[in-house]
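Next up, entry_11.json (JSON, C-alpha atoms):
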```
[["chain", "number", "residue", "atom", "x", "y", "z"],
["A", 66, "MET", "CA", -17.95, -14.40, -2.09],
["A", 67, "LYS", "CA", -15.70, -11.76, -3.65],
["A", 68, "THR", "CA", -17.01, -10.05, -6.77],
["A", 69, "HIS", "CA", -14.04, -11.00, -8.97],
["A", 70, "ASN", "CA", -14.85, -14.69, -8.43],
["A", 71, "SER", "CA", -17.76, -14.28, -10.84],
["A", 72, "SER", "CA", -16.66, -14.98, -14.40],
["A", 73, "MET", "CA", -19.07, -12.34, -15.78],
["A", 74, "ILE", "CA", -17.83, -9.64, -13.43],
["A", 75, "LYS", "CA", -14.24, -10.73, -14.02],
["A", 76, "LYS", "CA", -14.70, -10.31, -17.79],
["A", 77, "LYS", "CA", -16.17, -6.85, -17.27],
["A", 78, "GLU", "CA", -13.32, -5.97, -14.90],
["A", 79, "LEU", "CA", -10.72, -7.03, -17.47],
["A", 80, "MET", "CA", -12.36, -4.99, -20.23],
["A", 81, "LEU", "CA", -12.68, -1.88, -18.07],
["A", 82, "ASN", "CA", -9.10, -2.08, -16.84],
["A", 83, "LEU", "CA", -7.28, -3.08, -20.04],
["A", 84, "VAL", "CA", -7.12, 0.51, -21.30],
["A", 85, "HIS", "CA", -5.78, 1.64, -17.93],
["A", 86, "LEU", "CA", -3.25, -1.21, -17.95],
["A", 87, "LYS", "CA", -1.84, -0.28, -21.35],
["A", 88, "ARG", "CA", -1.61, 3.39, -20.40],
["A", 89, "ASP", "CA", 0.08, 2.52, -17.12],
["A", 90, "MET", "CA", 2.51, 0.16, -18.86],
["A", 91, "LYS", "CA", 3.50, 2.87, -21.32],
["A", 92, "GLU", "CA", 4.05, 5.48, -18.60],
["A", 93, "LYS", "CA", 6.15, 3.16, -16.46],
["A", 94, "ARG", "CA", 8.11, 1.89, -19.48],
["A", 95, "GLU", "CA", 9.10, 5.46, -20.30],
["A", 96, "GLN", "CA", 10.19, 6.08, -16.71],
["A", 97, "VAL", "CA", 12.29, 2.91, -16.66],
["A", 98, "ASN", "CA", 13.86, 3.84, -19.99],
["A", 99, "MET", "CA", 14.77, 7.34, -18.76],
["A", 100, "LEU", "CA", 16.36, 5.89, -15.63],
["A", 101, "LEU", "CA", 18.38, 3.37, -17.65],
["A", 102, "ASP", "CA", 19.50, 6.09, -20.05],
["A", 103, "ARG", "CA", 20.75, 8.25, -17.17],
["A", 104, "PHE", "CA", 22.41, 5.35, -15.36],
["A", 105, "LEU", "CA", 24.48, 3.91, -18.22],
["A", 106, "PRO", "CA", 27.47, 5.55, -19.94],
["A", 107, "ARG", "CA", 26.68, 7.41, -23.15],
["A", 108, "LYS", "CA", 27.11, 5.52, -26.42],
["A", 109, "ASP", "CA", 30.09, 7.69, -27.42],
["A", 110, "ASP", "CA", 31.95, 7.22, -24.12],
["A", 111, "TYR", "CA", 35.30, 5.49, -24.52],
["A", 112, "PRO", "CA", 35.50, 2.68, -25.57],
["A", 113, "LYS", "CA", 32.38, 3.52, -27.50],
["A", 114, "GLU", "CA", 31.94, 0.13, -29.21],
["A", 115, "ILE", "CA", 30.89, -1.56, -25.97],
["A", 116, "HIS", "CA", 28.46, 1.20, -25.00],
["A", 117, "LYS", "CA", 26.89, 1.22, -28.46],
["A", 118, "ALA", "CA", 26.48, -2.55, -28.30],
["A", 119, "ILE", "CA", 24.85, -2.38, -24.86],
["A", 120, "ARG", "CA", 22.39, 0.28, -25.95],
["A", 121, "HIS", "CA", 21.64, -1.42, -29.28],
["A", 122, "THR", "CA", 19.67, -4.22, -27.64],
["A", 123, "LEU", "CA", 18.65, -2.49, -24.42],
["A", 124, "PHE", "CA", 16.90, 0.36, -26.24],
["A", 125, "ALA", "CA", 15.66, -1.62, -29.23],
["A", 126, "GLY", "CA", 12.03, -1.18, -28.15],
["A", 127, "GLY", "CA", 11.41, -3.86, -25.55],
["A", 128, "LYS", "CA", 8.00, -3.89, -23.85],
["A", 129, "ARG", "CA", 9.59, -3.84, -20.36],
["A", 130, "LEU", "CA", 7.10, -6.43, -19.10],
["A", 131, "ARG", "CA", 9.43, -7.64, -16.37],
["A", 132, "PRO", "CA", 10.13, -4.20, -14.89],
["A", 133, "TYR", "CA", 6.41, -3.52, -15.04],
["A", 134, "LEU", "CA", 5.66, -6.74, -13.15],
["A", 135, "THR", "CA", 8.19, -5.67, -10.51],
["A", 136, "ILE", "CA", 6.45, -2.33, -10.03],
["A", 137, "LEU", "CA", 2.94, -3.84, -10.06],
["A", 138, "THR", "CA", 3.93, -6.24, -7.31],
["A", 139, "TYR", "CA", 5.29, -3.35, -5.26],
["A", 140, "GLU", "CA", 1.96, -1.58, -5.72],
["A", 141, "LEU", "CA", 0.15, -4.48, -4.06],
["A", 142, "PHE", "CA", 1.56, -3.16, -0.80],
["A", 143, "LYS", "CA", 2.44, 0.48, -1.52],
["A", 144, "LYS", "CA", 0.02, 2.61, -3.49],
["A", 145, "LYS", "CA", 2.50, 4.98, -5.07],
["A", 146, "PRO", "CA", 5.82, 3.79, -6.58],
["A", 147, "ASN", "CA", 8.96, 5.75, -5.73],
["A", 148, "GLU", "CA", 12.27, 6.12, -7.58],
["A", 149, "GLU", "CA", 13.82, 3.20, -5.71],
["A", 150, "ILE", "CA", 11.35, 0.64, -7.07],
["A", 151, "PHE", "CA", 12.07, 1.96, -10.56],
["A", 152, "LYS", "CA", 15.77, 1.29, -9.91],
["A", 153, "ALA", "CA", 14.94, -2.26, -8.87],
["A", 154, "ALA", "CA", 12.81, -2.66, -12.00],
["A", 155, "ALA", "CA", 15.63, -1.26, -14.14],
["A", 156, "ALA", "CA", 18.04, -3.80, -12.62],
["A", 157, "ILE", "CA", 15.66, -6.53, -13.77],
["A", 158, "GLU", "CA", 15.72, -5.15, -17.33],
["A", 159, "LEU", "CA", 19.52, -4.99, -17.37],
["A", 160, "LEU", "CA", 19.61, -8.63, -16.30],
["A", 161, "HIS", "CA", 16.95, -9.63, -18.84],
["A", 162, "THR", "CA", 18.72, -7.90, -21.74],
["A", 163, "TYR", "CA", 21.99, -9.64, -20.87],
["A", 164, "THR", "CA", 20.20, -12.99, -21.25],
["A", 165, "LEU", "CA", 18.79, -11.95, -24.64],
["A", 166, "ILE", "CA", 22.18, -10.95, -26.05],
["A", 167, "HIS", "CA", 23.81, -14.18, -24.88],
["A", 168, "ASP", "CA", 20.87, -16.35, -26.00],
["A", 169, "ASP", "CA", 21.13, -14.88, -29.51],
["A", 170, "LEU", "CA", 24.83, -15.73, -29.91],
["A", 171, "PRO", "CA", 25.75, -18.24, -32.65],
["A", 172, "GLU", "CA", 27.01, -20.67, -30.02],
["A", 173, "ILE", "CA", 23.59, -20.79, -28.32],
["A", 174, "ASP", "CA", 20.42, -19.95, -30.32],
["A", 175, "ASN", "CA", 22.07, -18.19, -33.28],
["A", 176, "ASP", "CA", 19.26, -15.68, -33.81],
["A", 177, "ASP", "CA", 19.23, -12.87, -36.37],
["A", 178, "ILE", "CA", 16.41, -10.69, -35.01],
["A", 179, "ARG", "CA", 15.71, -9.36, -31.52],
["A", 180, "ARG", "CA", 13.07, -6.77, -30.69],
["A", 181, "GLY", "CA", 12.60, -6.20, -34.42],
["A", 182, "LYS", "CA", 16.26, -5.32, -35.05],
["A", 183, "LYS", "CA", 19.41, -7.21, -35.99],
["A", 184, "THR", "CA", 20.82, -9.06, -33.01],
["A", 185, "CYS", "CA", 23.78, -7.56, -31.20],
["A", 186, "HIS", "CA", 26.36, -10.02, -32.52],
["A", 187, "LEU", "CA", 25.34, -9.41, -36.14],
["A", 188, "VAL", "CA", 25.91, -5.69, -35.76],
["A", 189, "PHE", "CA", 28.99, -5.65, -33.52],
["A", 190, "GLY", "CA", 30.44, -9.16, -33.72],
["A", 191, "SER", "CA", 30.19, -12.06, -31.27],
["A", 192, "ASN", "CA", 33.17, -10.90, -29.21],
["A", 193, "ILE", "CA", 31.68, -7.47, -28.47],
["A", 194, "ALA", "CA", 28.17, -8.91, -28.00],
["A", 195, "LEU", "CA", 29.54, -11.34, -25.41],
["A", 196, "LEU", "CA", 31.14, -8.46, -23.52],
["A", 197, "ALA", "CA", 27.98, -6.35, -23.82],
["A", 198, "GLY", "CA", 26.00, -9.13, -22.16],
["A", 199, "ASP", "CA", 28.63, -9.47, -19.44],
["A", 200, "ALA", "CA", 28.54, -5.73, -18.83],
["A", 201, "LEU", "CA", 24.75, -5.67, -18.53],
["A", 202, "LEU", "CA", 24.81, -8.48, -15.96],
["A", 203, "ILE", "CA", 27.37, -6.57, -13.88],
["A", 204, "GLU", "CA", 25.44, -3.31, -14.25],
["A", 205, "ALA", "CA", 22.32, -5.09, -12.94],
["A", 206, "PHE", "CA", 24.11, -5.72, -9.65],
["A", 207, "ASN", "CA", 25.56, -2.21, -9.79],
["A", 208, "MET", "CA", 22.04, -0.80, -10.06],
["A", 209, "LEU", "CA", 21.00, -2.75, -6.95],
["A", 210, "ASN", "CA", 24.01, -1.31, -5.14],
["A", 211, "HIS", "CA", 22.64, 2.18, -5.82],
["A", 212, "LEU", "CA", 19.35, 1.41, -4.07],
["A", 213, "ASN", "CA", 18.56, 3.63, -1.09],
["A", 214, "VAL", "CA", 17.02, 0.88, 1.04],
["A", 215, "PRO", "CA", 17.85, -0.79, 4.38],
["A", 216, "PRO", "CA", 20.91, -3.08, 4.13],
["A", 217, "HIS", "CA", 18.93, -6.26, 4.86],
["A", 218, "ILE", "CA", 16.62, -5.59, 1.87],
["A", 219, "LYS", "CA", 19.53, -4.84, -0.44],
["A", 220, "MET", "CA", 21.34, -8.01, 0.66],
["A", 221, "ALA", "CA", 18.18, -10.10, 0.12],
["A", 222, "MET", "CA", 17.80, -8.70, -3.40],
["A", 223, "VAL", "CA", 21.43, -9.23, -4.37],
["A", 224, "GLY", "CA", 21.29, -12.78, -3.01],
["A", 225, "SER", "CA", 18.04, -13.55, -4.83],
["A", 226, "MET", "CA", 19.39, -12.26, -8.13],
["A", 227, "ALA", "CA", 22.57, -14.30, -7.77],
["A", 228, "ILE", "CA", 20.63, -17.51, -7.04],
["A", 229, "LEU", "CA", 17.69, -17.17, -9.43],
["A", 230, "ALA", "CA", 19.87, -15.91, -12.31],
["A", 231, "GLY", "CA", 22.80, -18.25, -11.70],
["A", 232, "GLU", "CA", 23.57, -21.90, -12.32],
["A", 233, "ARG", "CA", 20.73, -22.85, -9.97],
["A", 234, "GLY", "CA", 18.24, -20.81, -11.99],
["A", 235, "LEU", "CA", 18.36, -19.15, -15.42],
["A", 236, "ILE", "CA", 21.70, -20.62, -16.41],
["A", 237, "ALA", "CA", 20.57, -24.10, -15.38],
["A", 238, "GLY", "CA", 17.52, -23.70, -17.61],
["A", 239, "GLN", "CA", 19.63, -22.43, -20.50],
["A", 240, "MET", "CA", 22.09, -25.29, -20.04],
["A", 241, "GLN", "CA", 19.34, -27.91, -20.17],
["A", 242, "ASP", "CA", 17.81, -26.11, -23.16],
["A", 243, "ILE", "CA", 21.08, -26.58, -25.05],
["A", 244, "LEU", "CA", 21.48, -30.20, -23.98],
["A", 245, "SER", "CA", 17.91, -31.04, -24.99],
["A", 246, "GLU", "CA", 18.20, -29.85, -28.59],
["A", 247, "LYS", "CA", 17.53, -32.61, -31.11],
["A", 248, "SER", "CA", 16.72, -35.05, -28.30],
["A", 249, "PRO", "CA", 13.27, -36.50, -27.51],
["A", 250, "ALA", "CA", 11.60, -34.10, -25.08],
["A", 251, "THR", "CA", 9.76, -35.15, -21.94],
["A", 252, "LYS", "CA", 7.35, -33.08, -19.86],
["A", 253, "ALA", "CA", 9.77, -33.17, -16.93],
["A", 254, "THR", "CA", 12.56, -31.75, -19.10],
["A", 255, "VAL", "CA", 10.37, -29.05, -20.61],
["A", 256, "ASP", "CA", 9.08, -28.01, -17.20],
["A", 257, "PHE", "CA", 12.63, -27.84, -15.81],
["A", 258, "ILE", "CA", 13.75, -25.62, -18.70],
["A", 259, "HIS", "CA", 10.73, -23.33, -18.54],
["A", 260, "LEU", "CA", 10.67, -23.01, -14.76],
["A", 261, "ASN", "CA", 14.36, -22.11, -14.66],
["A", 262, "LYS", "CA", 15.05, -20.28, -17.91],
["A", 263, "THR", "CA", 11.91, -18.14, -17.86],
["A", 264, "ALA", "CA", 9.79, -18.50, -14.71],
["A", 265, "LYS", "CA", 12.57, -17.73, -12.24],
["A", 266, "LEU", "CA", 13.16, -14.34, -13.84],
["A", 267, "LEU", "CA", 9.49, -13.44, -13.42],
["A", 268, "GLN", "CA", 9.67, -14.84, -9.90],
["A", 269, "LEU", "CA", 12.58, -12.48, -9.29],
["A", 270, "CYS", "CA", 10.38, -9.59, -10.45],
["A", 271, "THR", "CA", 7.61, -10.36, -7.98],
["A", 272, "ARG", "CA", 10.08, -11.04, -5.20],
["A", 273, "PHE", "CA", 11.85, -7.72, -5.81],
["A", 274, "GLY", "CA", 8.53, -5.88, -5.69],
["A", 275, "ALA", "CA", 7.62, -7.54, -2.40],
["A", 276, "TYR", "CA", 11.07, -6.96, -0.89],
["A", 277, "MET", "CA", 11.02, -3.28, -1.83],
["A", 278, "ALA", "CA", 7.58, -2.89, -0.25],
["A", 279, "ASP", "CA", 8.80, -4.61, 2.93],
["A", 280, "ALA", "CA", 6.11, -7.29, 2.59],
["A", 281, "SER", "CA", 5.73, -10.04, 5.17],
["A", 282, "SER", "CA", 7.35, -13.45, 4.71],
["A", 283, "GLU", "CA", 3.93, -14.97, 4.02],
["A", 284, "GLU", "CA", 3.16, -12.32, 1.38],
["A", 285, "ILE", "CA", 6.56, -12.88, -0.25],
["A", 286, "LYS", "CA", 5.84, -16.61, -0.40],
["A", 287, "ILE", "CA", 2.54, -15.97, -2.20],
["A", 288, "VAL", "CA", 3.94, -13.56, -4.80],
["A", 289, "ASP", "CA", 6.91, -15.90, -5.29],
["A", 290, "GLU", "CA", 4.56, -18.69, -6.30],
["A", 291, "PHE", "CA", 2.50, -16.29, -8.39],
["A", 292, "GLY", "CA", 5.59, -15.13, -10.28],
["A", 293, "GLN", "CA", 6.69, -18.67, -10.96],
["A", 294, "LYS", "CA", 3.29, -19.74, -12.32],
["A", 295, "LEU", "CA", 3.01, -16.58, -14.38],
["A", 296, "GLY", "CA", 6.46, -17.28, -15.83],
["A", 297, "LEU", "CA", 5.53, -20.83, -16.81],
["A", 298, "ALA", "CA", 2.35, -19.65, -18.54],
["A", 299, "TYR", "CA", 4.32, -16.90, -20.28],
["A", 300, "GLN", "CA", 6.83, -19.37, -21.71],
["A", 301, "ILE", "CA", 4.15, -21.80, -22.89],
["A", 302, "ILE", "CA", 2.56, -18.93, -24.83],
["A", 303, "ASP", "CA", 6.03, -18.09, -26.18],
["A", 304, "ASP", "CA", 6.34, -21.68, -27.40],
["A", 305, "ILE", "CA", 3.00, -21.41, -29.18],
["A", 306, "LEU", "CA", 3.84, -18.05, -30.77],
["A", 307, "ASP", "CA", 7.09, -19.51, -32.12],
["A", 308, "VAL", "CA", 4.93, -21.94, -34.10],
["A", 309, "GLN", "CA", 2.07, -19.65, -35.10],
["A", 310, "SER", "CA", 3.44, -16.10, -35.41],
["A", 311, "ASN", "CA", 5.74, -14.26, -37.84],
["A", 312, "SER", "CA", 8.89, -12.19, -37.41],
["A", 313, "LYS", "CA", 7.15, -8.85, -38.03],
["A", 314, "VAL", "CA", 4.71, -9.40, -35.17],
["A", 315, "LEU", "CA", 7.01, -11.40, -32.93],
["A", 316, "GLY", "CA", 10.08, -9.15, -33.22],
["A", 317, "LYS", "CA", 12.31, -12.24, -33.44],
["A", 318, "THR", "CA", 12.73, -15.24, -35.70],
["A", 319, "PRO", "CA", 9.77, -17.65, -35.48],
["A", 320, "GLY", "CA", 10.07, -21.38, -36.12],
["A", 321, "LYS", "CA", 13.49, -21.65, -34.50],
["A", 322, "ASP", "CA", 12.27, -24.04, -31.80],
["A", 323, "GLN", "CA", 10.92, -26.54, -34.31],
["A", 324, "LYS", "CA", 13.94, -26.23, -36.58],
["A", 325, "VAL", "CA", 16.43, -27.30, -33.90],
["A", 326, "LYS", "CA", 13.89, -29.51, -32.12],
["A", 327, "LYS", "CA", 13.92, -27.62, -28.84],
["A", 328, "ALA", "CA", 12.09, -28.98, -25.81],
["A", 329, "THR", "CA", 8.83, -27.01, -25.83],
["A", 330, "TYR", "CA", 5.21, -27.64, -24.93],
["A", 331, "PRO", "CA", 4.07, -27.94, -28.57],
["A", 332, "SER", "CA", 6.80, -30.56, -29.04],
["A", 333, "ILE", "CA", 5.26, -32.82, -26.38],
["A", 334, "MET", "CA", 1.56, -32.04, -26.88],
["A", 335, "SER", "CA", -0.73, -30.35, -29.39],
["A", 336, "ILE", "CA", -1.13, -26.59, -29.76],
["A", 337, "ASP", "CA", -4.65, -26.81, -28.31],
["A", 338, "LYS", "CA", -3.44, -28.75, -25.28],
["A", 339, "SER", "CA", -0.58, -26.29, -24.85],
["A", 340, "LYS", "CA", -3.06, -23.40, -24.84],
["A", 341, "LYS", "CA", -5.21, -25.17, -22.26],
["A", 342, "LYS", "CA", -2.12, -25.75, -20.11],
["A", 343, "ALA", "CA", -1.23, -22.03, -20.30],
["A", 344, "GLU", "CA", -4.81, -21.10, -19.36],
["A", 345, "LEU", "CA", -4.79, -23.50, -16.40],
["A", 346, "VAL", "CA", -1.47, -22.21, -15.07],
["A", 347, "SER", "CA", -2.62, -18.59, -15.51],
["A", 348, "THR", "CA", -5.84, -19.34, -13.64],
["A", 349, "ASN", "CA", -3.85, -20.90, -10.80],
["A", 350, "ALA", "CA", -1.65, -17.80, -10.70],
["A", 351, "ILE", "CA", -4.67, -15.49, -10.58],
["A", 352, "ASN", "CA", -6.23, -17.57, -7.80],
["A", 353, "LEU", "CA", -3.21, -16.79, -5.63],
["A", 354, "LEU", "CA", -4.07, -13.10, -5.95],
["A", 355, "GLU", "CA", -7.35, -13.70, -4.10],
["A", 356, "ASN", "CA", -5.28, -13.06, -0.99],
["A", 357, "PHE", "CA", -4.93, -9.38, -1.99],
["A", 358, "GLY", "CA", -8.50, -8.60, -3.07],
["A", 359, "ASP", "CA", -9.03, -5.49, -5.17],
["A", 360, "ASP", "CA", -5.43, -4.34, -4.65],
["A", 361, "ALA", "CA", -4.44, -7.01, -7.18],
["A", 362, "THR", "CA", -6.82, -5.88, -9.94],
["A", 363, "LEU", "CA", -4.11, -4.70, -12.34],
["A", 364, "LEU", "CA", -2.02, -7.80, -11.68],
["A", 365, "ARG", "CA", -4.99, -9.95, -12.65],
["A", 366, "VAL", "CA", -5.52, -7.88, -15.80],
["A", 367, "PHE", "CA", -1.79, -8.08, -16.55],
["A", 368, "THR", "CA", -1.84, -11.87, -16.18],
["A", 369, "ASP", "CA", -4.73, -12.15, -18.64],
["A", 370, "TYR", "CA", -2.98, -9.71, -20.97],
["A", 371, "LEU", "CA", 0.11, -11.93, -21.08],
["A", 372, "LEU", "CA", -2.06, -14.97, -21.78],
["A", 373, "GLN", "CA", -3.74, -13.24, -24.74],
["A", 374, "ARG", "CA", -0.62, -11.58, -26.17],
["A", 375, "ILE", "CA", 0.41, -12.03, -29.82],
["A", 376, "SER", "CA", 4.09, -11.06, -29.48]]
```
Target encoding C-alpha cells, full file:
Amino acid sequence: MKTHNSSMIKKKELMLNLVHLKRDMKEKREQVNMLLDRFLPRKDDYPKEIHKAIRHTLFAGGKRLRPYLTILTYELFKKKPNEEIFKAAAAIELLHTYTLIHDDLPEIDNDDIRRGKKTCHLVFGSNIALLAGDALLIEAFNMLNHLNVPPHIKMAMVGSMAILAGERGLIAGQMQDILSEKSPATKATVDFIHLNKTAKLLQLCTRFGAYMADASSEEIKIVDEFGQKLGLAYQIIDDILDVQSNSKVLGKTPGKDQKVKKATYPSIMSIDKSKKKAELVSTNAINLLENFGDDATLLRVFTDYLLQRIS
C-alpha cells in the first residue's frame, strides 16, 4: 500500500508541499511571463492600439494556472523543464486569454472586470477587443510553430489545440452556455458546458505536457482523463465562488451567473452538494495519479490547491 493512500500521511504531504508549490508556481509564472513578453510585439509597435489591447488582459496579473499545469505534467516524465515546454505553456496562456477577452464582450457575458482590471472592451472598445482576442488565438498557434520538437509532436499539438479549442470543444461549450441562459438547466447540459468550455482546456494542458515529454500512449490517456476531471472540478468551484465571493477577491464580477440564470452546478443543486461534487471529482482525478507514485506529488498538491482556492 503506497504511503499517500493514507489520509493522515496525505494531509501531512499536502501541508509540507504547499509552500513549495506556491514558490514553484511563482517562479514558473515569471518565466512564462518573460517568454510571452519577448515573443509578442511591443505595446508601441504599429498599430499600437492592438498591441496595447493584447497586453492589457494578458499581463493583467493572471495566476497562469494552466501554463503551470502544462509544466507540472511534463515534469511527471522529465525532471527538469526546458525552454520548449515553457513555449508550449505560453501557447496555452495565449489561447486562454483569447477566450477571456471574447467571453467578456457585451455580446457574450458582458463583464466589466477581468483579473482585477477593466475588461478589454471597456478600455479599447468592442471592435479592438474582438481583434485582440483573434490575434491571441493566432499567436497561440504561432507559438507552437516556434517549438523545437520533432514534427510528429508539433503536429499532434497543433491538431489537439484545433480540436479541443474549436467547435468540438471550447466553442461548443461557450455556444451551449449562451443558449442555456434563462432556460431551465439540467445536469446533462451543465456537464456538457463545463466539460467543453473549461475542462477541455485543462485537458489540453495535461496533453501538451505529456506530448512534450514524449510520454507513452497509455500515459497520455491517463493524464488526459486527469486533466478533464480536474477541469470539471475547477469549474464547479468557479460556479460556487460566483455565488459566495466578491469582486475584490475574485478579480471579476461575482453574481453574474445567477443574474442571467446560467447553467451552473449551484443552479441545479445546493452549494453543499456542489462542493461535495467538486471534492468527489477531485478525488477521482487524484486517484488517477496513483499510476505515477511520488513523481505526481506536486500535481496532487496542485489539485487540492485548486479545490480549496478562493479566487
Calculated over only C-alpha atoms, which of the candidates A:Tyr163, A:Tyr139, A:Tyr330, A:Tyr299 has the smallest distance to A:Lys252?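 Checking each candidate against A:Lys252, we get A:Tyr330 as the closest.
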Using Å and a single decimal, report how far atom CA of A:Gly234 sits from atom CA of A:Ser339.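 The value is 23.4 Å.
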Pick from A:Lys108, A:Lys182, A:Lys144, A:Lys91: nearest to A:Lys128, with all atoms listed in the file counted?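 Under the stated criterion, the closest residue is A:Lys91.
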Find the distance between atom CA of A:Asp174 and atom CA of A:Arg374 and write it in Å to one decimal.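 Separating atom CA of A:Asp174 from atom CA of A:Arg374 is a distance of 23.0 Å.
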Given the choices A:Lys262, A:Lys327, A:Arg131, A:Arg120, which gets closest to A:Leu371 if the distance is worked out from all atoms listed in the file?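 Among A:Lys262, A:Lys327, A:Arg131, A:Arg120, it is A:Arg131 that comes nearest to A:Leu371.
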Interatomic distance (Å, one decimal) between atom CA of A:Gly274 and atom CA of A:Leu297: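 Atom-to-atom, atom CA of A:Gly274 and atom CA of A:Leu297 are spaced 18.9 Å apart.
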A:Thr164 environment, 9 Å, all atoms listed in the file, sequence neighbours closer than 6 positions dropped, as a count of residues only: 3
Proximity to A:Leu267 - best of A:Asp169, A:Asp176, A:Asp289, A:Glu283, all atoms listed in the file: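 Among the listed residues, A:Asp289 lies closest to A:Leu267.
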A:Ala197, A:Ala264, A:Ile173, A:Met90: which is nearest A:Glu246, counting all atoms listed in the file?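 Nearest candidate to A:Glu246 out of A:Ala197, A:Ala264, A:Ile173, A:Met90: A:Ile173.
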For stretch 159-174 of chain A, where the input has fewer atoms than it should, I would like N, CA, C and O atoms rebuilt and written as a PDB file, in the coordinates of the input.
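Result file part03.pdb:
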```pdb
ATOM      1  N   LEU A 159      18.107  -4.790 -17.033  1.00  0.00           N
ATOM      2  CA  LEU A 159      19.520  -4.990 -17.370  1.00  0.00           C
ATOM      3  C   LEU A 159      19.857  -6.475 -17.386  1.00  0.00           C
ATOM      4  O   LEU A 159      20.524  -6.966 -18.303  1.00  0.00           O
ATOM      5  N   LEU A 160      19.392  -7.184 -16.373  1.00  0.00           N
ATOM      6  CA  LEU A 160      19.610  -8.630 -16.300  1.00  0.00           C
ATOM      7  C   LEU A 160      18.949  -9.341 -17.477  1.00  0.00           C
ATOM      8  O   LEU A 160      19.559 -10.203 -18.126  1.00  0.00           O
ATOM      9  N   HIS A 161      17.694  -8.984 -17.761  1.00  0.00           N
ATOM     10  CA  HIS A 161      16.950  -9.630 -18.840  1.00  0.00           C
ATOM     11  C   HIS A 161      17.642  -9.413 -20.191  1.00  0.00           C
ATOM     12  O   HIS A 161      17.781 -10.358 -20.991  1.00  0.00           O
ATOM     13  N   THR A 162      18.095  -8.191 -20.453  1.00  0.00           N
ATOM     14  CA  THR A 162      18.720  -7.900 -21.740  1.00  0.00           C
ATOM     15  C   THR A 162      20.035  -8.634 -21.900  1.00  0.00           C
ATOM     16  O   THR A 162      20.389  -9.065 -23.012  1.00  0.00           O
ATOM     17  N   TYR A 163      20.769  -8.815 -20.818  1.00  0.00           N
ATOM     18  CA  TYR A 163      21.990  -9.640 -20.870  1.00  0.00           C
ATOM     19  C   TYR A 163      21.661 -11.043 -21.363  1.00  0.00           C
ATOM     20  O   TYR A 163      22.360 -11.607 -22.217  1.00  0.00           O
ATOM     21  N   THR A 164      20.554 -11.632 -20.832  1.00  0.00           N
ATOM     22  CA  THR A 164      20.200 -12.990 -21.250  1.00  0.00           C
ATOM     23  C   THR A 164      19.824 -13.032 -22.725  1.00  0.00           C
ATOM     24  O   THR A 164      20.123 -14.020 -23.411  1.00  0.00           O
ATOM     25  N   LEU A 165      19.188 -11.977 -23.232  1.00  0.00           N
ATOM     26  CA  LEU A 165      18.790 -11.950 -24.640  1.00  0.00           C
ATOM     27  C   LEU A 165      20.016 -11.924 -25.554  1.00  0.00           C
ATOM     28  O   LEU A 165      20.081 -12.658 -26.543  1.00  0.00           O
ATOM     29  N   ILE A 166      20.976 -11.064 -25.229  1.00  0.00           N
ATOM     30  CA  ILE A 166      22.180 -10.950 -26.050  1.00  0.00           C
ATOM     31  C   ILE A 166      22.936 -12.275 -26.083  1.00  0.00           C
ATOM     32  O   ILE A 166      23.369 -12.743 -27.152  1.00  0.00           O
ATOM     33  N   HIS A 167      23.084 -12.908 -24.936  1.00  0.00           N
ATOM     34  CA  HIS A 167      23.810 -14.180 -24.880  1.00  0.00           C
ATOM     35  C   HIS A 167      23.015 -15.304 -25.546  1.00  0.00           C
ATOM     36  O   HIS A 167      23.594 -16.150 -26.239  1.00  0.00           O
ATOM     37  N   ASP A 168      21.692 -15.326 -25.348  1.00  0.00           N
ATOM     38  CA  ASP A 168      20.870 -16.350 -26.000  1.00  0.00           C
ATOM     39  C   ASP A 168      20.984 -16.284 -27.520  1.00  0.00           C
ATOM     40  O   ASP A 168      20.933 -17.309 -28.205  1.00  0.00           O
ATOM     41  N   ASP A 169      21.104 -15.076 -28.053  1.00  0.00           N
ATOM     42  CA  ASP A 169      21.130 -14.880 -29.510  1.00  0.00           C
ATOM     43  C   ASP A 169      22.449 -15.267 -30.152  1.00  0.00           C
ATOM     44  O   ASP A 169      22.523 -15.395 -31.380  1.00  0.00           O
ATOM     45  N   LEU A 170      23.501 -15.445 -29.368  1.00  0.00           N
ATOM     46  CA  LEU A 170      24.830 -15.730 -29.910  1.00  0.00           C
ATOM     47  C   LEU A 170      24.825 -17.000 -30.767  1.00  0.00           C
ATOM     48  O   LEU A 170      24.067 -17.937 -30.502  1.00  0.00           O
ATOM     49  N   PRO A 171      25.694 -17.057 -31.776  1.00  0.00           N
ATOM     50  CA  PRO A 171      25.750 -18.240 -32.650  1.00  0.00           C
ATOM     51  C   PRO A 171      25.986 -19.543 -31.888  1.00  0.00           C
ATOM     52  O   PRO A 171      25.493 -20.592 -32.288  1.00  0.00           O
ATOM     53  N   GLU A 172      26.703 -19.457 -30.778  1.00  0.00           N
ATOM     54  CA  GLU A 172      27.010 -20.670 -30.020  1.00  0.00           C
ATOM     55  C   GLU A 172      25.820 -21.190 -29.219  1.00  0.00           C
ATOM     56  O   GLU A 172      25.864 -22.316 -28.699  1.00  0.00           O
ATOM     57  N   ILE A 173      24.762 -20.362 -29.098  1.00  0.00           N
ATOM     58  CA  ILE A 173      23.590 -20.790 -28.320  1.00  0.00           C
ATOM     59  C   ILE A 173      22.379 -20.915 -29.250  1.00  0.00           C
ATOM     60  O   ILE A 173      22.128 -21.975 -29.803  1.00  0.00           O
ATOM     61  N   ASP A 174      21.609 -19.842 -29.462  1.00  0.00           N
ATOM     62  CA  ASP A 174      20.420 -19.950 -30.320  1.00  0.00           C
ATOM     63  C   ASP A 174      20.632 -19.437 -31.738  1.00  0.00           C
ATOM     64  O   ASP A 174      19.808 -19.676 -32.618  1.00  0.00           O
TER      65      ASP A 174
END
```
